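*Asks:* So that you have it, the file is protein39.txt, and it contains compact mmCIF, C-alpha atoms:
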# COMPACT_ATOMS: atom_id res chain seq x y z
CA MET S 1 -61.24 -26.75 43.01
CA ILE S 2 -61.01 -30.41 42.00
CA ILE S 3 -62.39 -30.84 38.48
CA ILE S 4 -63.69 -34.29 37.46
CA GLY S 5 -64.07 -34.15 33.69
CA GLU S 6 -67.37 -35.70 32.60
CA LYS S 7 -66.95 -35.92 28.81
CA ILE S 8 -66.04 -39.63 28.46
CA ASN S 9 -69.31 -41.23 29.44
CA GLY S 10 -71.23 -43.78 27.39
CA SER S 11 -74.51 -42.05 28.23
CA ILE S 12 -73.40 -39.30 25.80
CA PRO S 13 -74.51 -40.42 22.31
CA ALA S 14 -71.25 -39.50 20.57
CA VAL S 15 -69.26 -41.39 23.19
CA ALA S 16 -71.58 -44.41 22.97
CA GLU S 17 -70.97 -44.49 19.22
CA ALA S 18 -67.20 -44.27 19.72
CA ILE S 19 -67.34 -47.14 22.23
CA ALA S 20 -69.42 -49.30 19.88
CA ASN S 21 -66.99 -48.64 17.02
CA ARG S 22 -63.89 -48.87 19.25
CA ASP S 23 -62.89 -45.42 18.00
CA ALA S 24 -59.76 -44.98 20.13
CA GLU S 25 -58.84 -41.60 18.64
CA PHE S 26 -62.18 -40.12 19.69
CA ILE S 27 -61.64 -41.21 23.31
CA LYS S 28 -58.01 -40.04 23.27
CA ASN S 29 -58.94 -36.63 21.90
CA ARG S 30 -61.59 -36.12 24.57
CA ALA S 31 -59.15 -37.15 27.29
CA LYS S 32 -56.43 -34.83 26.00
CA ALA S 33 -58.80 -31.88 25.63
CA GLN S 34 -60.08 -32.25 29.20
CA ALA S 35 -56.55 -32.58 30.56
CA GLU S 36 -55.46 -29.42 28.75
CA ALA S 37 -58.54 -27.59 30.09
CA GLY S 38 -57.50 -28.26 33.68
CA ALA S 39 -59.22 -31.52 34.70
CA THR S 40 -57.89 -33.02 37.93
CA PHE S 41 -59.43 -36.42 37.14
CA ILE S 42 -60.96 -37.78 33.94
CA ASP S 43 -64.17 -39.70 34.49
CA CYS S 44 -64.40 -42.98 32.55
CA CYS S 45 -67.89 -44.47 32.36
CA ALA S 46 -68.92 -47.13 29.82
CA SER S 47 -72.72 -47.20 30.30
CA VAL S 48 -72.93 -50.64 28.69
CA PRO S 49 -74.49 -53.87 30.04
CA GLU S 50 -72.55 -55.15 33.05
CA ALA S 51 -71.46 -58.29 31.19
CA GLN S 52 -69.53 -56.06 28.75
CA GLU S 53 -68.45 -53.41 31.24
CA VAL S 54 -65.07 -54.69 32.47
CA GLU S 55 -63.69 -55.29 28.99
CA THR S 56 -65.07 -51.97 27.73
CA LEU S 57 -63.69 -49.97 30.64
CA LYS S 58 -60.25 -51.54 30.25
CA TRP S 59 -60.23 -50.49 26.60
CA MET S 60 -61.34 -46.96 27.52
CA ILE S 61 -58.72 -46.72 30.26
CA ASP S 62 -56.02 -47.76 27.79
CA CYS S 63 -57.13 -44.99 25.44
CA ILE S 64 -57.12 -42.35 28.18
CA GLN S 65 -53.73 -43.42 29.56
CA GLU S 66 -52.21 -43.23 26.09
CA ALA S 67 -53.41 -39.63 25.76
CA THR S 68 -52.66 -38.18 29.21
CA ASP S 69 -51.27 -38.98 32.64
CA VAL S 70 -54.14 -37.21 34.44
CA PRO S 71 -55.59 -39.71 36.97
CA ILE S 72 -58.75 -41.57 36.01
CA CYS S 73 -62.08 -41.52 37.82
CA VAL S 74 -63.33 -45.09 37.30
CA ASP S 75 -67.11 -44.86 37.05
CA SER S 76 -69.58 -47.74 37.37
CA PRO S 77 -72.75 -48.47 39.37
CA SER S 78 -71.37 -51.97 40.05
CA ALA S 79 -68.95 -52.49 42.92
CA ASP S 80 -67.88 -55.80 41.37
CA VAL S 81 -66.93 -54.05 38.13
CA LEU S 82 -65.02 -51.37 40.01
CA LEU S 83 -63.08 -54.01 41.91
CA GLN S 84 -61.96 -55.64 38.67
CA VAL S 85 -61.10 -52.46 36.84
CA PHE S 86 -59.45 -49.97 39.21
CA PRO S 87 -56.18 -51.98 39.59
CA TYR S 88 -55.83 -51.76 35.80
CA CYS S 89 -55.02 -48.04 36.06
CA LYS S 90 -51.34 -47.12 36.08
CA LYS S 91 -51.70 -44.64 38.96
CA PRO S 92 -54.15 -44.05 41.81
CA GLY S 93 -57.28 -42.15 40.85
CA LEU S 94 -60.86 -41.84 42.03
CA ILE S 95 -63.54 -44.52 42.51
CA ASN S 96 -67.00 -43.38 41.39
CA SER S 97 -68.76 -44.44 43.54
CA VAL S 98 -69.99 -46.13 46.71
CA SER S 99 -73.03 -45.50 48.87
CA GLY S 100 -74.85 -46.92 51.87
CA GLU S 101 -76.81 -49.19 49.53
CA GLY S 102 -76.19 -52.91 49.83
CA ASP S 103 -72.60 -53.99 50.42
CA LYS S 104 -70.83 -51.48 48.14
CA ILE S 105 -68.81 -49.92 50.95
CA GLU S 106 -67.87 -53.31 52.40
CA LYS S 107 -66.52 -54.34 49.00
CA ILE S 108 -64.71 -51.15 47.98
CA PHE S 109 -63.30 -49.75 51.23
CA PRO S 110 -61.12 -52.75 52.12
CA ALA S 111 -59.88 -52.98 48.52
CA ILE S 112 -58.59 -49.39 48.52
CA ALA S 113 -57.68 -49.12 52.21
CA ASP S 114 -53.92 -49.53 51.76
CA THR S 115 -53.71 -47.58 48.50
CA LYS S 116 -53.73 -43.91 47.53
CA TRP S 117 -57.03 -44.20 45.71
CA GLU S 118 -59.76 -41.68 46.54
CA VAL S 119 -63.48 -42.44 46.53
CA ILE S 120 -66.80 -40.67 45.93
CA CYS S 121 -69.39 -41.53 48.58
CA LEU S 122 -73.05 -40.88 47.80
CA LEU S 123 -75.36 -39.95 50.67
CA SER S 124 -77.96 -42.62 49.91
CA ASP S 125 -78.72 -45.96 51.52
CA ASP S 126 -81.06 -48.92 51.16
CA SER S 127 -84.07 -46.61 51.65
CA GLY S 128 -83.03 -44.54 48.63
CA ILE S 129 -82.11 -40.86 48.59
CA PRO S 130 -83.08 -39.28 51.91
CA LYS S 131 -85.52 -36.39 51.62
CA CYS S 132 -84.09 -34.18 54.35
CA ALA S 133 -80.68 -32.93 55.43
CA ALA S 134 -80.77 -34.74 58.79
CA ASP S 135 -81.24 -38.13 57.13
CA ARG S 136 -78.50 -37.49 54.57
CA LEU S 137 -76.17 -36.51 57.39
CA LYS S 138 -77.01 -39.76 59.17
CA VAL S 139 -75.83 -41.64 56.05
CA PHE S 140 -72.73 -39.45 56.12
CA ASP S 141 -72.00 -40.37 59.76
CA ASP S 142 -72.40 -44.08 58.96
CA THR S 143 -70.06 -43.72 55.97
CA MET S 144 -67.39 -41.97 58.01
CA ALA S 145 -67.59 -44.61 60.74
CA LYS S 146 -66.85 -47.27 58.12
CA ALA S 147 -64.06 -45.17 56.60
CA LYS S 148 -62.45 -44.97 60.03
CA GLN S 149 -62.84 -48.72 60.46
CA TYR S 150 -60.89 -49.34 57.25
CA GLY S 151 -58.33 -46.57 57.85
CA ILE S 152 -59.43 -44.34 54.95
CA ALA S 153 -58.56 -40.73 55.79
CA PRO S 154 -61.15 -37.98 55.21
CA ASN S 155 -58.91 -36.30 52.60
CA ARG S 156 -59.36 -39.36 50.35
CA ILE S 157 -63.14 -39.10 50.45
CA HIS S 158 -65.40 -37.01 48.18
CA ILE S 159 -68.86 -36.73 49.74
CA ASP S 160 -71.66 -36.32 47.18
CA PRO S 161 -74.78 -34.84 48.82
CA LEU S 162 -76.81 -35.86 45.72
CA VAL S 163 -77.99 -32.71 43.99
CA GLU S 164 -81.46 -33.09 42.52
CA MET S 165 -83.47 -31.08 40.02
CA LEU S 166 -84.20 -27.52 41.09
CA CYS S 167 -87.55 -27.52 39.28
CA THR S 168 -88.91 -30.25 41.57
CA SER S 169 -87.36 -28.88 44.77
CA GLU S 170 -89.43 -27.26 47.50
CA ASP S 171 -86.54 -25.32 49.04
CA GLY S 172 -84.16 -24.47 46.21
CA ILE S 173 -80.75 -25.66 47.31
CA ALA S 174 -81.21 -24.96 51.02
CA MET S 175 -80.95 -28.65 51.92
CA ASN S 176 -77.79 -29.09 49.85
CA VAL S 177 -76.24 -26.02 51.44
CA GLU S 178 -77.06 -27.37 54.91
CA VAL S 179 -75.51 -30.76 54.13
CA ILE S 180 -72.42 -29.28 52.46
CA SER S 181 -71.74 -26.72 55.17
CA THR S 182 -72.29 -29.27 57.99
CA VAL S 183 -69.96 -31.82 56.38
CA ARG S 184 -67.33 -29.11 55.84
CA GLU S 185 -67.61 -27.96 59.47
CA ARG S 186 -67.23 -31.49 60.84
CA TYR S 187 -64.38 -32.52 58.54
CA PRO S 188 -62.37 -29.53 57.25
CA ASN S 189 -60.08 -31.77 55.16
CA ILE S 190 -62.76 -33.85 53.46
CA HIS S 191 -63.74 -33.26 49.83
CA ILE S 192 -67.32 -32.45 48.86
CA THR S 193 -68.36 -33.04 45.26
CA ALA S 194 -71.43 -32.79 43.05
CA ALA S 195 -72.60 -33.48 39.52
CA VAL S 196 -73.24 -29.82 38.85
CA SER S 197 -75.56 -30.19 35.87
CA ASN S 198 -78.09 -32.28 37.82
CA ILE S 199 -79.50 -29.08 39.32
CA SER S 200 -80.77 -27.74 35.99
CA PHE S 201 -82.53 -30.71 34.35
CA ASN S 202 -85.77 -29.72 32.56
CA LEU S 203 -85.04 -25.98 32.80
CA PRO S 204 -84.31 -23.55 29.94
CA VAL S 205 -80.84 -22.01 29.55
CA ARG S 206 -79.42 -24.62 31.91
CA LYS S 207 -75.96 -23.07 32.05
CA MET S 208 -77.30 -20.10 34.03
CA ILE S 209 -78.64 -22.37 36.78
CA ASN S 210 -75.44 -24.42 36.74
CA LEU S 211 -73.23 -21.34 37.13
CA GLY S 212 -75.33 -19.91 39.95
CA PHE S 213 -75.45 -23.22 41.79
CA THR S 214 -71.69 -23.66 41.54
CA VAL S 215 -71.01 -20.30 43.19
CA LEU S 216 -73.48 -20.96 46.03
CA ALA S 217 -72.23 -24.51 46.59
CA MET S 218 -68.58 -23.42 46.64
CA ASN S 219 -69.47 -20.77 49.19
CA ALA S 220 -71.01 -23.52 51.35
CA GLY S 221 -67.89 -25.72 51.08
CA LEU S 222 -67.98 -27.60 47.75
CA ASP S 223 -64.39 -28.15 46.57
CA SER S 224 -64.86 -30.87 43.93
CA ALA S 225 -67.24 -31.11 40.98
CA ILE S 226 -68.16 -33.41 38.11
CA LEU S 227 -68.53 -31.14 35.10
CA ASP S 228 -67.36 -30.25 31.60
CA PRO S 229 -63.91 -28.63 31.87
CA LEU S 230 -64.27 -27.45 28.27
CA ASN S 231 -67.06 -25.10 29.41
CA ARG S 232 -65.01 -21.91 29.58
CA ASP S 233 -67.70 -19.91 31.38
CA MET S 234 -67.94 -22.54 34.12
CA MET S 235 -64.17 -22.74 34.52
CA GLY S 236 -63.94 -18.96 34.72
CA VAL S 237 -66.61 -18.83 37.42
CA ILE S 238 -64.83 -21.54 39.42
CA TYR S 239 -61.47 -19.75 39.35
CA ALA S 240 -63.16 -16.43 40.15
CA THR S 241 -65.14 -17.91 43.06
CA ASP S 242 -62.04 -19.57 44.51
CA ALA S 243 -60.29 -16.19 44.41
CA LEU S 244 -63.26 -14.41 46.01
CA LEU S 245 -63.41 -17.01 48.78
CA GLY S 246 -59.76 -16.43 49.64
CA ASN S 247 -58.58 -19.79 48.31
CA ASP S 248 -56.23 -18.26 45.74
CA ASP S 249 -53.37 -16.18 47.16
CA TYR S 250 -53.01 -12.93 45.25
CA CYS S 251 -55.29 -14.42 42.53
CA MET S 252 -52.30 -16.22 41.05
CA GLU S 253 -54.28 -19.32 40.00
CA TYR S 254 -56.97 -17.12 38.42
CA ILE S 255 -54.36 -15.15 36.50
CA GLY S 256 -52.49 -18.31 35.49
CA ALA S 257 -55.65 -20.02 34.21
CA TYR S 258 -56.52 -16.93 32.17
CA ARG S 259 -53.04 -16.80 30.67
CA ASP S 260 -53.25 -20.52 29.85
CA GLY S 261 -56.52 -19.93 27.99
CA ILE S 262 -58.67 -22.05 30.29
CA PHE S 263 -61.24 -19.24 30.34
CA GLY S 264 -61.65 -15.83 28.77
CA PRO S 265 -61.33 -15.06 25.05
CA LYS S 266 -60.08 -17.99 22.99
CA LYS S 267 -56.46 -17.55 21.90
Turn the structure described in the file into structure tokens.

*Replies:*
Amino acid sequence: MIIIGEKINGSIPAVAEAIANRDAEFIKNRAKAQAEAGATFIDCCASVPEAQEVETLKWMIDCIQEATDVPICVDSPSADVLLQVFPYCKKPGLINSVSGEGDKIEKIFPAIADTKWEVICLLSDDSGIPKCAADRLKVFDDTMAKAKQYGIAPNRIHIDPLVEMLCTSEDGIAMNVEVISTVRERYPNIHITAAVSNISFNLPVRKMINLGFTVLAMNAGLDSAILDPLNRDMMGVIYATDALLGNDDYCMEYIGAYRDGIFGPKK
């Protein structure tokens, strides 16, 4: 499972305060903790006005790269900001994100085409977030046609089906399961990601919904997730589910993660 650590995001009040105060040690400590907990990428999102975003992200990237060599997931709603910032990273990471809205794909895909950078692709377009699986899959087909045009292999793409709140859903996660399983069937080597905690907004004891969703989504084909790697229960469930799905020969990764203290009793 690809873990995209979500703990360095300016929408989190403590992180926003650290950004405002240019508290480098706070950012470094969060980066190091996520790396030690098993993050594959460390998300870096400023959540500041766009005029300040490039400078702020460069500062944040410096902090993260001083603390760990785990690749960075450069996170911004602006394609123009992403274009200015991603070359600043010392090694290829993950672009978060593009979609079918506007010209985001046309800006980002050619810029990363001849690199090793990976990219999250949201299944939305100029009409917004499609309400049914068929329409989301149409956005997916359009995205993959453009990826082929620019020579971006499926294994560099993380498809985000856009998980929405369970409490406002009419069919639970049936639509997400249909999208995830269809994408996985069509492209076995593609990555499928999700912001796991989106499912539980406005519900009590959110972690229970998040854990249940993660198991069901992984069973459908999810192999990448934006989440808190310091959540030991979530990490344990991920390693256990990978083992149960036959993705972990002889449970060696599960055993190794337990021995490393990623989940289970704190050592």

*Asks:* Calculate how many Å separate CA of Gly38 (chain S) from CA of Glu66 (chain S), rounding to one decimal.

*Replies:* 17.6 Å

*Asks:* Which residue is closest to Tyr150 (chain S)? Choose from S:Glu53, S:Asp114, S:Asp126, S:Glu185 and count only C-alpha atoms.

*Replies:*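 When distances to Tyr150 (chain S) are compared using only C-alpha atoms, the smallest one comes from S:Asp114.
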
*Asks:* Residues within 10 Å of region 15-21 of chain S, please, as a PDB file with C-alpha atoms, in the coordinates of the input. Count all atoms listed in the file; anything in the same chain fewer than 2 positions from it doesn't count.

*Replies:*
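Output file out_3.pdb is given in full below:
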ATOM      1  CA  LYS S   7     -66.950 -35.920  28.810  1.00  0.00           C
ATOM      2  CA  ILE S   8     -66.040 -39.630  28.460  1.00  0.00           C
ATOM      3  CA  ASN S   9     -69.310 -41.230  29.440  1.00  0.00           C
ATOM      4  CA  GLY S  10     -71.230 -43.780  27.390  1.00  0.00           C
ATOM      5  CA  SER S  11     -74.510 -42.050  28.230  1.00  0.00           C
ATOM      6  CA  ILE S  12     -73.400 -39.300  25.800  1.00  0.00           C
ATOM      7  CA  PRO S  13     -74.510 -40.420  22.310  1.00  0.00           C
ATOM      8  CA  ASP S  23     -62.890 -45.420  18.000  1.00  0.00           C
ATOM      9  CA  ALA S  24     -59.760 -44.980  20.130  1.00  0.00           C
ATOM     10  CA  GLU S  25     -58.840 -41.600  18.640  1.00  0.00           C
ATOM     11  CA  PHE S  26     -62.180 -40.120  19.690  1.00  0.00           C
ATOM     12  CA  ILE S  27     -61.640 -41.210  23.310  1.00  0.00           C
ATOM     13  CA  ARG S  30     -61.590 -36.120  24.570  1.00  0.00           C
ATOM     14  CA  CYS S  45     -67.890 -44.470  32.360  1.00  0.00           C
ATOM     15  CA  ALA S  46     -68.920 -47.130  29.820  1.00  0.00           C
ATOM     16  CA  SER S  47     -72.720 -47.200  30.300  1.00  0.00           C
ATOM     17  CA  VAL S  48     -72.930 -50.640  28.690  1.00  0.00           C
ATOM     18  CA  THR S  56     -65.070 -51.970  27.730  1.00  0.00           C
ATOM     19  CA  LEU S  57     -63.690 -49.970  30.640  1.00  0.00           C
ATOM     20  CA  TRP S  59     -60.230 -50.490  26.600  1.00  0.00           C
ATOM     21  CA  MET S  60     -61.340 -46.960  27.520  1.00  0.00           C
TER      22      MET S  60
END

*Asks:* Contacts between region 72-94 of chain S and region 113-158 of chain S, please, where a residue of region 113-158 of chain S counts if it comes within 9 Å (with only C-alpha atoms); show its shortest atom pair and distance in Å to one decimal, rows by chain and ascending number, as a tab-separated table.

*Replies:*
residue	atom	partner	partner_atom	distance
S:Thr115	CA	S:Pro92	CA	7.6
S:Lys116	CA	S:Pro92	CA	5.7
S:Trp117	CA	S:Pro92	CA	4.9
S:Glu118	CA	S:Leu94	CA	4.6
S:Val119	CA	S:Leu94	CA	5.2
S:Ile120	CA	S:Leu94	CA	7.2
S:Arg156	CA	S:Leu94	CA	8.8

*Asks:* Do you have the CA of Asp160 (chain S)-CA of Leu122 (chain S) distance handy?

*Replies:* 4.8 Å

*Asks:* Separation of CA of Arg184 (chain S) and CA of Asn198 (chain S), in Å?

*Replies:*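 Distance between the two atoms: 21.2 Å.
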
*Asks:* Find the spatial neighbours of Ala225 (chain S), counting all atoms listed in the file, within a cut-off of 12 Å - ignore same-chain residues fewer than 6 positions away - and output them as a ChimeraX atom specification.

*Replies:* /S:1-6,39-43,120,158-163,191-198,210,213-215,217-218,234-235,238

*Asks:* At a cut-off of 10 Å, can you tabulate as a Markdown table every residue of region 172-224 of chain S near region 128-134 of chain S together with its closest atom pair and the distance in Å to one decimal, using all atoms listed in the file and ordering rows by chain then number?

*Replies:*
| residue | atom | partner | partner_atom | distance |
| --- | --- | --- | --- | --- |
| S:Ala174 | CA | S:Ala133 | CA | 9.1 |
| S:Met175 | CA | S:Ala133 | CA | 5.5 |
| S:Asn176 | CA | S:Ala133 | CA | 7.4 |
| S:Val177 | CA | S:Ala133 | CA | 9.1 |
| S:Glu178 | CA | S:Ala133 | CA | 6.7 |
| S:Val179 | CA | S:Ala133 | CA | 5.8 |
| S:Ile180 | CA | S:Ala133 | CA | 9.5 |
| S:Thr182 | CA | S:Ala133 | CA | 9.5 |

*Asks:* May I have the residues within 9 Å of Phe109 (chain S) as a ChimeraX atom specification, using only C-alpha atoms and disregarding those fewer than 6 positions away in the same chain?

*Replies:* /S:98,119,146-147,150-152

*Asks:* Can you list, as a list of chain:residue names, every protein, DNA or RNA residue that comes within 12 Å of Gly261 (chain S) when you count only C-alpha atoms, leaving out same-chain residues fewer than 4 positions away?

*Replies:*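 Everything that qualifies: S:Glu36, S:Ala37, S:Gly38, S:Leu230, S:Asn231, S:Arg232, S:Asp233, S:Met235, S:Gly236, S:Tyr254, S:Ile255, S:Gly256, S:Ala257, S:Pro265, S:Lys266, S:Lys267.
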
*Asks:* Between S:Pro49, S:Cys167, S:Arg259, S:Asp223, which residue has the minimum interatomic distance to Pro204 (chain S), considering only C-alpha atoms?

*Replies:*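 That would be S:Cys167, the residue with the smallest distance to Pro204 (chain S).
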
*Asks:* Between S:Val70, S:Ile199, S:Leu245, S:Ala240, which residue has the minimum interatomic distance to Ala220 (chain S), considering all atoms listed in the file?

*Replies:*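 Looking only at the distances to Ala220 (chain S), the closest residue turns out to be S:Leu245.
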
*Asks:* Pick out the closest residue to Cys63 (chain S) from this set: S:Val183, S:Leu123, S:Ala31, S:Cys251. Count all atoms listed in the file.

*Replies:*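 Once distances to Cys63 (chain S) are computed over all atoms listed in the file, the minimum belongs to S:Ala31.
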
*Asks:* Counting only C-alpha atoms, figure out which residue out of S:Ala145, S:Val237, S:Tyr258, S:Ser224 gets nearest to Met208 (chain S).

*Replies:*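 Closest to Met208 (chain S) of all the choices is S:Val237.
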
*Asks:* Ranking S:Ile262, S:Leu166, S:Ile105, S:Leu203 by minimum distance to Asp142 (chain S) and counting all atoms listed in the file, which one comes first?

*Replies:*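 Using all atoms listed in the file, the shortest distance to Asp142 (chain S) belongs to S:Ile105.
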